[in-house]
4 protein chains.
Amino acid sequence: MHRIPVGVLGASGYAGRELCGLIARHPGLQLAFAAANERAGDCLNVAGRTVRLEALADVALSRAALVFSALPHGVSSSWVARARAAGAKVVDLSADLRPGTGTDLSIPYGLTELNRDRVRQADVVANPGCYPTAILMGLLPLAKHDLLAPGGTIAVSAASGTTGAGSSARPDLLFSEVAEDFRAYGVGNGHRHLPEMRSVLAELGADNDIVFTPHLLPVARGILATMIVPLTHQIDDPLELWRAAFADEPFLETSVEPPTLRDVTRRNVVRVSATVARDMRQPTLIVLSAIDNLMKGAAGQALQNANLMLGLDETAGLPV
Amino acid sequence: MHRIPVGVLGASGYAGRELCGLIARHPGLQLAFAAANERAGDCLNVAGRTVRLEALADVALSRAALVFSALPHGVSSSWVARARAAGAKVVDLSADLRPGTGTDLSIPYGLTELNRDRVRQADVVANPGCYPTAILMGLLPLAKHDLLAPGGTIAVSAASGTTGAGSSARPDLLFSEVAEDFRAYGVGNGHRHLPEMRSVLAELGADNDIVFTPHLLPVARGILATMIVPLTHQIDDPLELWRAAFADEPFLETSVEPPTLRDVTRRNVVRVSATVARDMRQPTLIVLSAIDNLMKGAAGQALQNANLMLGLDETAGLPV
Amino acid sequence: MHRIPVGVLGASGYAGRELCGLIARHPGLQLAFAAANERAGDCLNVAGRTVRLEALADVALSRAALVFSALPHGVSSSWVARARAAGAKVVDLSADLRPGTGTDLSIPYGLTELNRDRVRQADVVANPGCYPTAILMGLLPLAKHDLLAPGGTIAVSAASGTTGAGSSARPDLLFSEVAEDFRAYGVGNGHRHLPEMRSVLAELGADNDIVFTPHLLPVARGILATMIVPLTHQIDDPLELWRAAFADEPFLETSVEPPTLRDVTRRNVVRVSATVARDMRQPTLIVLSAIDNLMKGAAGQALQNANLMLGLDETAGLPV
Amino acid sequence: MHRIPVGVLGASGYAGRELCGLIARHPGLQLAFAAANERAGDCLNVAGRTVRLEALADVALSRAALVFSALPHGVSSSWVARARAAGAKVVDLSADLRPGTGTDLSIPYGLTELNRDRVRQADVVANPGCYPTAILMGLLPLAKHDLLAPGGTIAVSAASGTTGAGSSARPDLLFSEVAEDFRAYGVGNGHRHLPEMRSVLAELGADNDIVFTPHLLPVARGILATMIVPLTHQIDDPLELWRAAFADEPFLETSVEPPTLRDVTRRNVVRVSATVARDMRQPTLIVLSAIDNLMKGAAGQALQNANLMLGLDETAGLPV
């Protein structure tokens, strides 16, 4: 059976390694190269096989029909251009080409379920950030049905595992510092994912302010977003909205119980619950949304987009 | 030096054990008895010494000048009455006598910094819950200065370590289930601490709805509350409010950086930060408040109250 | 494509649930039933699908061509007999039929790589314990080459994740107790896996005493065994012995670096290193062996055996 | 009350910070300075107070009656000389002056219980390593009673929390890498603490080889050493040896149950159990020894030694 060659740039980080593992187990793809700057020459253990990291500068990009760039923000976009020049399609996991950054609007935002048809036709896709994936998939049905109270504040408190902070050796990410701890960061709407979320919500017609407070969890993987959402009016069975919106989606799940990290880790899914807040004057929903930050929040969704761009089954090689 | 005899009911649980440890290290107290129903006869290792758990029914309550009841909700109040009948003062760590439960309003609510004078005179004190301690101490300066936007929703997302859920062997609290996980519970304003918080806030004149979403963290100790608070108007240096309110308080701290669990664990303190949310039409603060659920959230605050009730230095035996 | 129906008894425990997940993803099997006593009626989330636990007493065993029993020790053997009577082959994950227990010697011990041919022919297989799998695969090449110093003591210190202790709600397995802790148990050669190890080593001609000290790790999955092994004589390149022994084995790996839990979790492998102890009068090796206790230590190896018993590819459905 | 001024060099690391906290709570000491090279200018939160780190080069060493050096190995000894020249006594927590390093034998090795009288008279003390403290205190009674089988191998498998590896930002110590993992290091007798252990055991007349295999635990604090010890002859009640040896020692504990990290963390103690291995031809004990690597394994023992050197109560300021 023919396997399509794909390459990974930035393969030494957590998202890049996750991609290499997914590609190694994919029935229709093969890994043409795994490249990195920082650990070039090192070997990764990928699904029981050894993969050698090439230096970024040495990669023959044309060996791949599609290139995933998991390079750092700011560095990635120039490699996207090189890969395109070499004839490869590209899924860019960095923030460089995402909405809200002032870049080329013709590049589809790869929140697959929102833009499936545009992704299928695209040569380049801007893969969403992990927080925006969890949060936007939790809010989409409300936005589409004009249920968000206009002008109301959506309070989003979210928590991420440490792989979301990258693999650089930062003192604040040492085990000795993170274990037994829990802390907020980017407090006061300072997180770089906000413009991306705001831009997509605005496109959907939502007129809401967001307060977004991310936290660092003492776990390696997973994101849980807890969203307090003011509504135009009371809804009796709120989860029904998501059930309808997610009905034919292979990677979107609803849950009566609050979704937990364990429900979603190592799976390419978003899992959502929605509960009416009792004893409130302002009709209010609590929407909970959980993903694996490395899967649906990064490598898994990137592969989902690549499957569409390459004409493969959208679910191929993706764990549910 | 004379040491005042005090007793602990419910000494087999986490709060009870923490109390025994604090009493053992206290310069002016001695442990008259440590009683429990579930593990009577077992021995605790308390600060290097062995303490034997008596059966609850066998305890001579009159041996203690003051009794701490860390018995379960519903069970505690009758033991409070017995201890009073035996002549002892009582600090009740259960929810039985707290505001919002419809009980005797003459019993002071032991959020020490709010009710210090009443606590000093009291024979019985209702010790606050862990979540209310963190949340109310974070909101008090705003309530006192009438800065809470009337009718506005305060969105509280809080996370607690597992000792807050008690020491009963519940399958969902096994290490295999909690590690690598993060989950919400009591979603939709279903947590039993809400009436306590609402009642105290109402007393302070606040006219706000609260959405309270607690979460379970994979850590043993600590609570962090993240509060999104609508204001009557924009404030330039919000933390200044807490600095002024906390100025002479030995156990209340402000922090420019977001407080973390590590800042507060094993210490009898509340640590608060306050940050203006940017890019908002509604003036909004993010208030973060961190405590150790077993210290300022339970045993530490109970001892702080007992110190006052016994005429001792309020800070005696309390780690900062 | 035809899928062979298989059933799981004891599906509510960790090994049973792992089996259900592996079967759901297996290209040649389908789950005929998942039965349990304790949580009958509950639903499991298995690879994105919902599986309902049947009551043990209600199961039609004949619906399965092969039955996995992950029932507790002592309970399992009678269900093995019933499944056999119903015409099904059986892999028994309990200790009931393992060597060293005085049971039927005609039942092969399912340490697959040791007894592959007997397993292939068998109707019933006794699946090994998790500790014996890690330890025996680490010692086998030494035993086969008569390199173990006769009469010498093999000191085995091993550590397991909490899923190895089962899913019953025991107070000592609560997150609050296990986190930040590390403890030995069964100290003094009191662990029930010892007869199994001794029996297999004796069969291989080894004349050694073992001191086996298991420990409980604050992780959910994985076993690492650290073995101090006295040799008949010094060996220059000890790892070469395992390289040769493991050469054609899909699930046995050697490593120059010490194997870690992260190398093996969620994979059906044993990973071994061997290092000469310096500055010793008695020639001595340090052998390290790592497995995932739920995969190669339980469900994975059970499926490996089932693949052979059903005439399927030995590696089908098994993650490497 | 007069407090003796003491200083800390290397106060930015974990042991140095622990020392600052102990000094802040000590009834007879005050912190004259806390100095570091790496984070000079930073502030530490020490027991609720802010302590500013001075640059090492700027410290007036003569302000302290006693200096603790928690500087890195290789750097420390020259600062010991400078502090001595400035008239201060010194406790050196580095390995620079410990036995087995070829240095000045007149400097007492500060395993306090072994060398109490020499420490009391000393101007400089070499504070033991964390692993040697746990291991030597576990073996001492056997060595003193000539119970170690001459020429026999002592197999020591020990596990440490991550603070034992220091606070430098190493990629292998990131939370994402250490959580859910367990790994050996320095395998094959490559750990730098071995000469220290061997040297002390030899002084005690023991003629044994040691195989020492340290492991990294996913916990922040604590060491557990599991020692398999060949004896000259069988002993009936082995723990009695330690009970007798530890009888008047404030910081040495025996335990019938295996000691765990939770028994000892944040306490300046060594806790030991001893169990006969069953079914062995060679009489063999399993000795388990637990300490907090930052307390009795570093800062606590350093303060215990300083108390003696300064003529204070040996137990002052030390948590049990």
# chains A, B, ... in the order shown; residues from 1 in each chain; ligands from 1
$ interface_residues --of "chain C" --to "chain D" --cutoff "8 Å" --atoms "only C-alpha atoms" --output "compact mmCIF listing (two decimals) with C-alpha atoms, in the first residue's frame"
# COMPACT_ATOMS: atom_id res chain seq x y z
CA GLY C 151 23.35 -20.06 45.74
CA THR C 153 21.08 -13.85 46.45
CA ALA C 155 18.08 -8.58 45.37
CA SER C 157 13.65 -3.83 44.47
CA ALA C 179 0.74 11.62 46.39
CA GLU C 180 4.15 12.88 47.53
CA ASP C 181 4.76 9.47 49.11
CA PHE C 182 6.77 6.33 48.33
CA ARG C 183 6.54 3.21 50.42
CA ALA C 184 7.55 -0.43 50.49
CA TYR C 185 5.05 -3.23 51.17
CA VAL C 187 8.65 -6.45 53.04
CA GLY C 188 10.57 -9.58 54.05
CA ASN C 189 9.53 -11.76 51.10
CA GLY C 190 5.82 -11.58 51.89
CA ASP C 209 17.43 -17.03 46.58
CA ILE C 210 15.46 -13.90 45.86
CA VAL C 211 14.75 -10.96 48.14
CA LEU C 217 4.83 4.75 43.38
CA PRO C 218 2.81 7.95 43.07
CA VAL C 219 2.07 7.21 39.42
CA ALA C 220 -0.93 5.42 37.94
CA ARG C 221 0.87 3.00 35.61
CA LEU C 224 10.38 -0.71 37.23
CA THR C 226 15.95 -2.98 39.85
CA ILE C 228 21.21 -6.78 41.74
CA PRO C 258 18.25 2.76 32.09
CA PRO C 259 14.66 2.09 30.98
CA THR C 260 12.05 4.38 32.50
CA LEU C 261 8.30 4.12 32.99
CA ARG C 262 7.75 6.70 30.24
CA THR C 275 25.15 -2.71 33.64
CA VAL C 276 28.26 -4.05 35.36
CA ALA C 277 28.65 -2.89 38.97
CA ARG C 278 32.06 -1.32 39.41
CA ASP C 279 34.47 -1.88 42.30
CA MET C 280 33.03 -5.22 43.38
CA ARG C 281 34.75 -8.40 44.49
CA GLN C 282 31.72 -10.51 43.52
CA LEU C 285 25.11 -6.98 37.29
CA ILE C 286 22.44 -4.35 37.73
$ calpha_fit_and_write --fixed "chain B" --moving "chain A" --output "compact mmCIF listing (two decimals) with C-alpha atoms, in the first residue's frame"
# COMPACT_ATOMS: atom_id res chain seq x y z
CA MET A 1 4.47 26.82 82.11
CA HIS A 2 0.78 26.09 82.31
CA ARG A 3 -0.82 24.72 79.16
CA ILE A 4 -4.56 24.91 78.63
CA PRO A 5 -6.14 21.50 77.91
CA VAL A 6 -8.07 21.29 74.63
CA GLY A 7 -9.71 18.34 72.91
CA VAL A 8 -10.38 17.30 69.36
CA LEU A 9 -13.49 15.42 68.21
CA GLY A 10 -13.23 13.91 64.76
CA ALA A 11 -9.47 13.54 65.01
CA SER A 12 -9.19 10.80 62.39
CA GLY A 13 -9.98 13.08 59.45
CA TYR A 14 -7.55 15.42 57.75
CA ALA A 15 -8.69 18.59 59.56
CA GLY A 16 -8.73 16.79 62.90
CA ARG A 17 -5.23 15.43 62.43
CA GLU A 18 -3.98 18.85 61.36
CA LEU A 19 -5.45 20.28 64.56
CA CYS A 20 -3.71 17.64 66.70
CA GLY A 21 -0.40 18.57 65.05
CA LEU A 22 -0.92 22.30 65.62
CA ILE A 23 -1.89 21.74 69.27
CA ALA A 24 1.17 19.55 69.83
CA ARG A 25 3.42 22.41 68.70
CA HIS A 26 1.42 25.19 70.41
CA PRO A 27 3.28 26.91 73.26
CA GLY A 28 0.16 27.38 75.42
CA LEU A 29 -2.03 24.36 74.75
CA GLN A 30 -1.98 20.66 75.47
CA LEU A 31 -4.01 17.91 73.87
CA ALA A 32 -6.47 16.57 76.45
CA PHE A 33 -8.00 14.04 74.07
CA ALA A 34 -8.28 13.12 70.40
CA ALA A 35 -11.47 11.25 69.67
CA ALA A 36 -13.01 9.64 66.62
CA ASN A 37 -15.62 7.10 65.78
CA GLU A 38 -14.16 5.44 62.74
CA ARG A 39 -10.64 4.64 63.79
CA ALA A 40 -10.92 4.54 67.58
CA GLY A 41 -7.95 2.66 69.00
CA ASP A 42 -5.69 3.62 66.13
CA CYS A 43 -2.63 5.72 66.78
CA LEU A 44 -1.67 8.93 65.05
CA ASN A 45 1.89 10.12 64.60
CA VAL A 46 1.61 13.72 65.75
CA ALA A 47 4.78 15.79 65.58
CA GLY A 48 6.89 12.74 66.40
CA ARG A 49 4.70 11.56 69.24
CA THR A 50 2.07 8.83 69.24
CA VAL A 51 -1.49 9.89 70.01
CA ARG A 52 -4.15 7.25 70.59
CA LEU A 53 -7.62 7.90 69.18
CA GLU A 54 -10.33 7.47 71.82
CA ALA A 55 -13.81 6.32 70.94
CA LEU A 56 -16.13 9.31 70.75
CA ALA A 57 -18.53 7.79 73.24
CA ASP A 58 -15.81 7.37 75.87
CA VAL A 59 -14.52 10.94 75.93
CA ALA A 60 -14.72 12.92 79.16
CA LEU A 61 -15.45 16.25 77.52
CA SER A 62 -14.95 18.15 80.76
CA ARG A 63 -11.21 17.44 80.61
CA ALA A 64 -10.94 20.20 78.01
CA ALA A 65 -11.34 23.94 78.44
CA LEU A 66 -12.10 24.13 74.73
CA VAL A 67 -13.23 21.48 72.29
CA PHE A 68 -12.70 21.50 68.55
CA SER A 69 -15.33 19.54 66.67
CA ALA A 70 -14.16 18.31 63.28
CA LEU A 71 -17.01 15.82 63.12
CA PRO A 72 -19.06 15.40 59.93
CA HIS A 73 -21.84 17.79 59.04
CA GLY A 74 -25.08 16.73 60.71
CA VAL A 75 -23.26 14.85 63.47
CA SER A 76 -21.33 17.77 64.89
CA SER A 77 -24.01 20.01 66.36
CA SER A 78 -25.16 17.52 68.99
CA TRP A 79 -21.55 17.13 70.19
CA VAL A 80 -21.22 20.91 70.34
CA ALA A 81 -24.16 20.87 72.75
CA ARG A 82 -22.62 18.10 74.86
CA ALA A 83 -19.28 19.87 75.05
CA ARG A 84 -21.03 23.09 76.12
CA ALA A 85 -22.98 21.16 78.74
CA ALA A 86 -19.67 19.81 80.03
CA GLY A 87 -18.44 23.38 80.46
CA ALA A 88 -16.11 23.60 77.48
CA LYS A 89 -15.97 26.34 74.87
CA VAL A 90 -16.35 25.01 71.33
CA VAL A 91 -15.03 25.74 67.85
CA ASP A 92 -17.21 23.82 65.41
CA LEU A 93 -15.49 23.10 62.09
CA SER A 94 -18.58 21.53 60.58
CA ALA A 95 -21.19 23.40 58.53
CA ASP A 96 -23.89 22.78 61.14
CA LEU A 97 -23.87 26.20 62.76
CA ARG A 98 -22.74 28.39 59.90
CA PRO A 99 -24.76 31.25 58.40
CA GLY A 100 -27.15 30.27 55.65
CA THR A 101 -28.14 27.08 57.48
CA GLY A 102 -31.00 28.61 59.42
CA THR A 103 -29.32 28.15 62.78
CA ASP A 104 -28.78 30.32 65.82
CA LEU A 105 -27.66 33.75 64.66
CA SER A 106 -26.05 34.49 68.00
CA ILE A 107 -23.20 32.12 67.19
CA PRO A 108 -20.42 34.15 65.58
CA TYR A 109 -19.12 33.11 62.17
CA GLY A 110 -15.44 32.56 62.72
CA LEU A 111 -13.99 34.32 59.70
CA THR A 112 -11.69 35.79 62.27
CA GLU A 113 -10.74 39.02 60.56
CA LEU A 114 -14.40 39.87 59.99
CA ASN A 115 -15.72 39.07 63.46
CA ARG A 116 -12.73 39.28 65.77
CA ASP A 117 -14.49 41.01 68.63
CA ARG A 118 -17.49 38.70 68.63
CA VAL A 119 -15.22 35.64 68.48
CA ARG A 120 -13.26 36.88 71.49
CA GLN A 121 -16.44 36.94 73.61
CA ALA A 122 -17.95 33.73 72.28
CA ASP A 123 -18.45 30.36 73.89
CA VAL A 124 -19.19 28.75 70.54
CA VAL A 125 -17.83 29.72 67.15
CA ALA A 126 -18.88 28.38 63.73
CA ASN A 127 -15.63 27.95 61.84
CA PRO A 128 -15.95 28.85 58.12
CA GLY A 129 -15.72 26.43 55.23
CA CYS A 130 -12.54 26.33 53.18
CA TYR A 131 -13.97 27.73 49.94
CA PRO A 132 -15.87 30.54 51.71
CA THR A 133 -12.71 31.57 53.56
CA ALA A 134 -10.73 31.97 50.34
CA ILE A 135 -13.55 33.61 48.43
CA LEU A 136 -14.93 35.95 51.07
CA MET A 137 -11.50 37.29 52.05
CA GLY A 138 -10.95 38.04 48.37
CA LEU A 139 -14.23 39.95 48.04
CA LEU A 140 -14.51 41.75 51.38
CA PRO A 141 -12.69 44.99 50.49
CA LEU A 142 -14.81 45.35 47.34
CA ALA A 143 -18.02 44.80 49.30
CA LYS A 144 -17.01 47.21 52.06
CA HIS A 145 -16.26 49.96 49.54
CA ASP A 146 -19.48 49.36 47.56
CA LEU A 147 -17.49 48.63 44.45
CA LEU A 148 -19.36 45.49 43.38
CA ALA A 149 -21.61 46.31 40.41
CA PRO A 150 -25.16 45.90 41.81
CA GLY A 151 -26.93 42.93 40.31
CA GLY A 152 -23.78 41.83 38.51
CA THR A 153 -22.66 38.22 38.37
CA ILE A 154 -19.50 37.22 40.20
CA ALA A 155 -18.01 34.18 38.44
CA VAL A 156 -15.96 32.09 40.85
CA SER A 157 -13.95 29.17 39.54
CA ALA A 158 -12.10 27.48 42.40
CA ALA A 159 -9.90 24.43 42.71
CA SER A 160 -9.13 22.39 45.80
CA GLY A 161 -6.69 19.70 46.79
CA THR A 162 -8.04 16.26 47.67
CA THR A 163 -7.81 16.60 51.44
CA GLY A 164 -10.74 18.99 51.08
CA ALA A 165 -12.85 16.00 50.03
CA GLY A 166 -12.15 14.12 53.24
CA SER A 167 -10.47 10.87 54.17
CA SER A 168 -13.29 8.43 53.41
CA ALA A 169 -12.36 5.72 50.93
CA ARG A 170 -14.32 6.85 47.88
CA PRO A 171 -13.46 5.21 44.54
CA ASP A 172 -13.39 8.57 42.77
CA LEU A 173 -10.73 9.81 45.18
CA LEU A 174 -8.27 6.96 44.54
CA PHE A 175 -4.84 8.02 43.34
CA SER A 176 -5.42 6.04 40.14
CA GLU A 177 -8.44 8.25 39.38
CA VAL A 178 -7.28 11.69 40.53
CA ALA A 179 -3.71 11.72 39.24
CA GLU A 180 -3.31 13.28 35.78
CA ASP A 181 -6.92 14.47 36.04
CA PHE A 182 -8.79 17.72 36.74
CA ARG A 183 -12.54 17.87 37.07
CA ALA A 184 -15.36 20.15 38.10
CA TYR A 185 -18.04 19.10 40.57
CA GLY A 186 -21.20 20.57 42.03
CA VAL A 187 -21.58 22.36 38.68
CA GLY A 188 -24.57 24.69 38.33
CA ASN A 189 -24.43 26.20 41.83
CA GLY A 190 -24.93 22.88 43.59
CA HIS A 191 -22.19 23.17 46.24
CA ARG A 192 -23.24 23.24 49.87
CA HIS A 193 -20.89 26.16 50.66
CA LEU A 194 -22.93 28.60 48.56
CA PRO A 195 -25.54 29.60 51.17
CA GLU A 196 -22.70 30.42 53.58
CA MET A 197 -21.03 32.72 51.06
CA ARG A 198 -24.26 34.35 49.95
CA SER A 199 -25.38 34.95 53.51
CA VAL A 200 -22.15 36.71 54.49
CA LEU A 201 -22.03 38.79 51.31
CA ALA A 202 -25.64 39.86 51.82
CA GLU A 203 -24.84 40.95 55.37
CA LEU A 204 -22.11 43.15 53.88
CA GLY A 205 -24.66 44.76 51.58
CA ALA A 206 -23.58 43.12 48.34
CA ASP A 207 -26.33 42.61 45.78
CA ASN A 208 -24.67 40.11 43.47
CA ASP A 209 -25.35 36.68 42.10
CA ILE A 210 -22.54 34.15 42.33
CA VAL A 211 -21.74 31.31 39.97
CA PHE A 212 -19.48 28.99 41.93
CA THR A 213 -17.74 26.12 40.16
CA PRO A 214 -15.39 24.06 42.34
CA HIS A 215 -12.82 21.70 40.82
CA LEU A 216 -10.72 18.83 42.17
CA LEU A 217 -6.96 19.22 41.74
CA PRO A 218 -4.36 16.44 41.71
CA VAL A 219 -2.66 17.90 44.77
CA ALA A 220 -3.23 17.04 48.41
CA ARG A 221 -3.56 20.56 49.85
CA GLY A 222 -4.55 24.06 48.85
CA ILE A 223 -7.34 26.12 47.32
CA LEU A 224 -7.07 28.73 44.60
CA ALA A 225 -10.16 30.81 43.81
CA THR A 226 -10.27 32.77 40.55
CA MET A 227 -12.97 35.42 40.73
CA ILE A 228 -14.22 37.56 37.85
CA VAL A 229 -15.86 40.55 39.48
CA PRO A 230 -17.91 43.30 37.78
CA LEU A 231 -17.24 46.74 39.30
CA THR A 232 -19.24 49.91 39.56
CA HIS A 233 -16.36 51.75 37.90
CA GLN A 234 -12.78 51.32 36.79
CA ILE A 235 -10.08 51.29 39.51
CA ASP A 236 -6.48 52.21 38.80
CA ASP A 237 -4.57 50.36 41.49
CA PRO A 238 -6.98 47.72 42.70
CA LEU A 239 -4.52 45.88 44.95
CA GLU A 240 -4.28 49.02 47.07
CA LEU A 241 -7.75 48.24 48.46
CA TRP A 242 -6.54 44.94 49.88
CA ARG A 243 -3.28 46.45 51.08
CA ALA A 244 -5.23 48.94 53.13
CA ALA A 245 -7.73 46.36 54.41
CA PHE A 246 -5.02 43.82 55.28
CA ALA A 247 -2.50 46.29 56.71
CA ASP A 248 -2.56 45.18 60.33
CA GLU A 249 -3.63 41.61 59.78
CA PRO A 250 -1.04 38.95 60.63
CA PHE A 251 -2.58 36.32 58.34
CA LEU A 252 -3.73 38.32 55.30
CA GLU A 253 -1.27 38.94 52.47
CA THR A 254 -1.39 40.78 49.17
CA SER A 255 0.69 39.89 46.16
CA VAL A 256 1.41 41.63 42.87
CA GLU A 257 2.06 38.24 41.28
CA PRO A 258 -0.84 35.76 41.17
CA PRO A 259 -0.79 33.80 44.44
CA THR A 260 -0.08 30.08 44.06
CA LEU A 261 -0.73 27.06 46.24
CA ARG A 262 2.98 26.83 47.08
CA ASP A 263 2.83 30.35 48.50
CA VAL A 264 0.32 29.31 51.14
CA THR A 265 0.46 25.58 51.89
CA ARG A 266 1.23 24.75 55.52
CA ARG A 267 0.69 28.42 56.41
CA ASN A 268 -2.35 30.00 58.11
CA VAL A 269 -2.73 32.78 55.55
CA VAL A 270 -4.93 34.11 52.80
CA ARG A 271 -2.94 35.54 49.89
CA VAL A 272 -4.73 37.78 47.38
CA SER A 273 -3.96 39.51 44.09
CA ALA A 274 -6.24 41.81 42.08
CA THR A 275 -5.78 42.69 38.42
CA VAL A 276 -7.79 44.86 36.04
CA ALA A 277 -9.16 42.95 33.02
CA ARG A 278 -8.09 44.73 29.85
CA ASP A 279 -10.26 45.47 26.81
CA MET A 280 -13.57 45.25 28.64
CA ARG A 281 -16.66 47.42 28.38
CA GLN A 282 -17.82 46.43 31.88
CA PRO A 283 -15.10 47.39 34.40
CA THR A 284 -13.95 44.04 35.74
CA LEU A 285 -11.40 42.75 38.22
CA ILE A 286 -9.74 39.36 38.38
CA VAL A 287 -9.25 38.58 42.06
CA LEU A 288 -7.17 35.53 42.96
CA SER A 289 -7.20 34.16 46.48
CA ALA A 290 -5.14 31.24 47.77
CA ILE A 291 -5.25 29.37 51.07
CA ASP A 292 -4.26 26.02 52.51
CA ASN A 293 -7.61 24.28 52.89
CA LEU A 294 -6.43 22.50 56.05
CA MET A 295 -4.87 25.59 57.65
CA LYS A 296 -6.63 28.93 57.14
CA GLY A 297 -9.39 26.87 55.52
CA ALA A 298 -9.97 24.65 58.57
CA ALA A 299 -7.63 23.76 61.44
CA GLY A 300 -5.49 26.91 61.38
CA GLN A 301 -8.42 29.30 61.46
CA ALA A 302 -10.07 27.15 64.14
CA LEU A 303 -6.97 27.55 66.27
CA GLN A 304 -6.85 31.28 65.50
CA ASN A 305 -10.39 31.54 66.85
CA ALA A 306 -9.57 29.36 69.86
CA ASN A 307 -6.60 31.56 70.70
CA LEU A 308 -8.95 34.56 70.91
CA MET A 309 -11.59 32.66 72.89
CA LEU A 310 -8.96 31.54 75.41
CA GLY A 311 -7.36 34.97 75.79
CA LEU A 312 -4.12 33.91 74.12
CA ASP A 313 -2.11 35.74 71.47
CA GLU A 314 -4.12 35.33 68.26
CA THR A 315 -1.04 34.16 66.35
CA ALA A 316 0.22 31.63 68.92
CA GLY A 317 1.14 28.28 67.40
CA LEU A 318 0.15 29.29 63.89
CA PRO A 319 2.71 28.94 61.09
CA VAL A 320 3.16 31.92 58.78
$ select_by_dssp --residues "region 228-309 of chain D" --states "alpha helix (DSSP H)" --output "PyMOL selection string"
chain D and resi 239-245+261-264+300-309
$ select_by_dssp --residues "region 65-247 of chain B" --states "strand (DSSP E)" --output "ChimeraX atom specification"
/B:66-69,89-92,124-126,153-160,183-184,209-216,223-230
